[in-house]
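S.K.: Submitted below is the structure of interest, expressed as structure tokens.
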Amino acid sequence: MLQTKERATIGEKTCNVKGPNKQMSVSPLSCTSRCALCRERRVLCDSHIIPEFLYEPLYDSKHRVFRLSTAGKPKRSFEQKGVREYLLCRDCECQLSRYEGYARDVLYEASDVVSGTPQGFEFLVDYRQFKLFELSILWRVGVSRLPEFKDVNLGSHERRLRNMLRQESPGATEEYGCIKIWPLSYRNIMDQLIMSMGMGKIERVQCCRLVIGGMCWFFFLSRNAIDARQEGLFLQDTGALRIMLGDFGIPGYMQKLAKDLYVNNPHVFPLKH
Ligand SMILES: [Zn+2]
């Protein structure tokens, strides 16, 4: 079990972020290089891959997040603002920040809950803004060179996702749909975690799996849904945002993760002899 007081971002890889009103960080040492989104040569910002507002619940009293890795002690155990890398120019940062500002309001400011059942919740959101937010996260973890996301591989979808973001086109409901699950078990861990669960197949479709905002986000790398049932779980172009409640095998994954972290981080969890 995780017993650190600090909240953790985890990776066999490495993680991090930023928020809607964040001051964009452009280091005086930052290089001029090619922006990953617009492909122009520009001064790059120290960009968050996972938006910073999603780190807010993880910060300790010193505004730090704690890094853990199943591969052993990371080079840096603490991050002041979540993990970042030089990725985007200022204009592209501003574009993605708009989606983040909207998503933050939806997720943290209790948007309109249309209905709630034992199976889940449904919110009403602006489809275009929230879908672009989802796409921006998927694309960013795919292009990131950070160790936290090294196992995310979007293949040919990366280029298409970049084009959709460049055109600010959210696509149809079934294009790159994302199923969000709020696990009922291990809440104390889920709420303190940002990580990639790597790639995996769900119903024969390759998926990118992330834990952020206390939820599991399963991004389907497909332009079509398998069937109406699957499509019904994605964000709808009517604005219906569905969050499923349930464990769906997640407790088994979390138990293995906790065990791997315990064994590989004796600097955090001293092994008993
Ligand atoms: Zn750019």
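Residue names in the structure tokens use chain letters A, B, ... in the order shown, residue numbers from 1 in each chain, and ligand numbers from 1 in the order shown.
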Taking only C-alpha atoms and all ligand atoms into account, which residues are within 7 Å of ligand 1, as a compact mmCIF listing (two decimals) with N, CA and C atoms, in the first residue's frame?
M.R.:
# COMPACT_ATOMS: atom_id res chain seq x y z
N CYS A 35 7.89 23.58 -32.43
CA CYS A 35 6.72 23.31 -31.60
C CYS A 35 6.07 22.00 -32.08
N ALA A 36 5.72 21.15 -31.12
CA ALA A 36 5.17 19.84 -31.49
C ALA A 36 3.80 19.95 -32.14
N LEU A 37 3.10 21.06 -31.91
CA LEU A 37 1.75 21.16 -32.45
C LEU A 37 1.72 21.93 -33.79
N CYS A 38 2.24 23.16 -33.81
CA CYS A 38 2.17 23.94 -35.06
C CYS A 38 3.36 23.67 -35.98
N ARG A 39 4.39 23.03 -35.43
CA ARG A 39 5.60 22.65 -36.18
C ARG A 39 6.43 23.86 -36.61
N GLU A 40 6.15 25.02 -36.05
CA GLU A 40 6.96 26.22 -36.34
C GLU A 40 8.16 26.24 -35.39
N LEU A 88 5.66 23.07 -26.49
CA LEU A 88 4.75 23.92 -27.27
C LEU A 88 5.18 25.38 -27.26
N CYS A 89 4.87 26.07 -28.34
CA CYS A 89 5.08 27.52 -28.38
C CYS A 89 3.96 28.19 -27.58
N ARG A 90 4.11 29.48 -27.36
CA ARG A 90 3.14 30.19 -26.54
C ARG A 90 1.74 30.15 -27.15
N ASP A 91 1.63 30.32 -28.45
CA ASP A 91 0.30 30.31 -29.08
C ASP A 91 -0.40 28.97 -28.88
N CYS A 92 0.35 27.90 -29.05
CA CYS A 92 -0.26 26.57 -28.90
C CYS A 92 -0.59 26.29 -27.44
S.K.: Mind checking DSSP for region 93-125 of chain A and telling me the strand (DSSP E or B) residues as a VMD selection string?
M.R.: chain A and resid 113 to 117 120 to 124
S.K.: Please provide as a list in words all residues within 10 Å of Glu203 (chain A), with the sequence filter that same-chain residues fewer than 3 positions apart are discarded (counting only C-alpha atoms).
M.R.: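 Contacts, in chain order: Gly200, Gln206, Cys207, Phe220, Ile226 and Gln230 of chain A.
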S.K.: Could the residues of region 156-217 of chain A that have an atom at most 12 Å from region 123-128 of chain A be listed as a tab-separated table, each with its closest atom pair and the distance in Å to one decimal, counting only C-alpha atoms and ordered by chain and ascending residue number?
M.R.:
residue	atom	partner	partner_atom	distance
A:Met164	CA	A:Arg128	CA	11.5
A:Leu165	CA	A:Arg128	CA	11.1
A:Gln167	CA	A:Arg128	CA	11.9
A:Glu168	CA	A:Arg128	CA	8.4
A:Ser169	CA	A:Arg128	CA	7.7
A:Pro170	CA	A:Arg128	CA	5.6
A:Gly171	CA	A:Arg128	CA	8.5
A:Ala172	CA	A:Arg128	CA	9.8
A:Thr173	CA	A:Tyr127	CA	8.9
A:Gly177	CA	A:Tyr127	CA	11.9
S.K.: Suppose you want the space between CA of Pro183 (chain A) and CA of Phe234 (chain A); what is it in Å?
M.R.: 17.1 Å
S.K.: Just to confirm, what's the straight-line distance from CA of Met190 (chain A) to CA of Cys216 (chain A) in Å (one decimal)?
M.R.: 8.7 Å
S.K.: Measuring between only C-alpha atoms, which one of A:Leu161, A:Met197, A:Leu233, A:Ile250 shows the shortest distance to Phe133 (chain A)?
M.R.: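 Smallest separation from Phe133 (chain A) among the options: A:Leu161.
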S.K.: Which value, in Å to one decimal, gives the distance between CA of Pro118 (chain A) and CA of Val205 (chain A)?
M.R.: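 Pair CA of Pro118 (chain A) / CA of Val205 (chain A) returns 26.8 Å.
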S.K.: With only C-alpha atoms as the counted atoms, please give the residues lying no more than 9 Å from Ile243 (chain A), apart from itself and same-chain residues fewer than 6 positions off, as a PDB file with N, CA and C atoms, in the first residue's frame.
M.R.:
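Done, and the output landed in result.pdb:
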ATOM      1  N   GLN A 119     -25.039   3.150 -11.631  1.00  0.00           N
ATOM      2  CA  GLN A 119     -24.068   2.816 -12.677  1.00  0.00           C
ATOM      3  C   GLN A 119     -23.188   4.007 -13.051  1.00  0.00           C
ATOM      4  N   GLY A 120     -23.622   5.239 -12.733  1.00  0.00           N
ATOM      5  CA  GLY A 120     -22.781   6.360 -13.103  1.00  0.00           C
ATOM      6  C   GLY A 120     -23.498   7.690 -13.087  1.00  0.00           C
ATOM      7  N   PHE A 121     -22.780   8.707 -13.569  1.00  0.00           N
ATOM      8  CA  PHE A 121     -23.310  10.072 -13.627  1.00  0.00           C
ATOM      9  C   PHE A 121     -23.327  10.544 -15.064  1.00  0.00           C
ATOM     10  N   GLU A 122     -24.150  11.542 -15.294  1.00  0.00           N
ATOM     11  CA  GLU A 122     -24.146  12.179 -16.603  1.00  0.00           C
ATOM     12  C   GLU A 122     -24.184  13.689 -16.412  1.00  0.00           C
ATOM     13  N   PHE A 123     -23.263  14.372 -17.075  1.00  0.00           N
ATOM     14  CA  PHE A 123     -23.201  15.828 -17.043  1.00  0.00           C
ATOM     15  C   PHE A 123     -23.560  16.343 -18.430  1.00  0.00           C
ATOM     16  N   ILE A 179     -13.727   6.535 -22.546  1.00  0.00           N
ATOM     17  CA  ILE A 179     -14.605   6.063 -21.478  1.00  0.00           C
ATOM     18  C   ILE A 179     -13.960   6.398 -20.147  1.00  0.00           C
ATOM     19  N   LYS A 180     -14.734   7.025 -19.272  1.00  0.00           N
ATOM     20  CA  LYS A 180     -14.213   7.442 -17.975  1.00  0.00           C
ATOM     21  C   LYS A 180     -14.883   6.621 -16.872  1.00  0.00           C
ATOM     22  N   ILE A 181     -14.045   6.072 -16.003  1.00  0.00           N
ATOM     23  CA  ILE A 181     -14.551   5.217 -14.934  1.00  0.00           C
ATOM     24  C   ILE A 181     -14.094   5.768 -13.584  1.00  0.00           C
ATOM     25  N   TRP A 182     -15.032   5.841 -12.675  1.00  0.00           N
ATOM     26  CA  TRP A 182     -14.746   6.285 -11.304  1.00  0.00           C
ATOM     27  C   TRP A 182     -14.739   5.024 -10.435  1.00  0.00           C
ATOM     28  N   MET A 215      -9.931   9.344 -11.730  1.00  0.00           N
ATOM     29  CA  MET A 215     -10.652   8.433 -12.630  1.00  0.00           C
ATOM     30  C   MET A 215      -9.692   7.702 -13.550  1.00  0.00           C
ATOM     31  N   LEU A 233     -20.992   5.197 -24.408  1.00  0.00           N
ATOM     32  CA  LEU A 233     -20.203   5.517 -23.217  1.00  0.00           C
ATOM     33  C   LEU A 233     -19.236   6.670 -23.457  1.00  0.00           C
TER      34      LEU A 233
END
S.K.: Just list as an MDAnalysis selection string whatever in region 132-165 of chain A DSSP marks as alpha helix (DSSP H).
M.R.: chainID A and resid 132:143 157:165
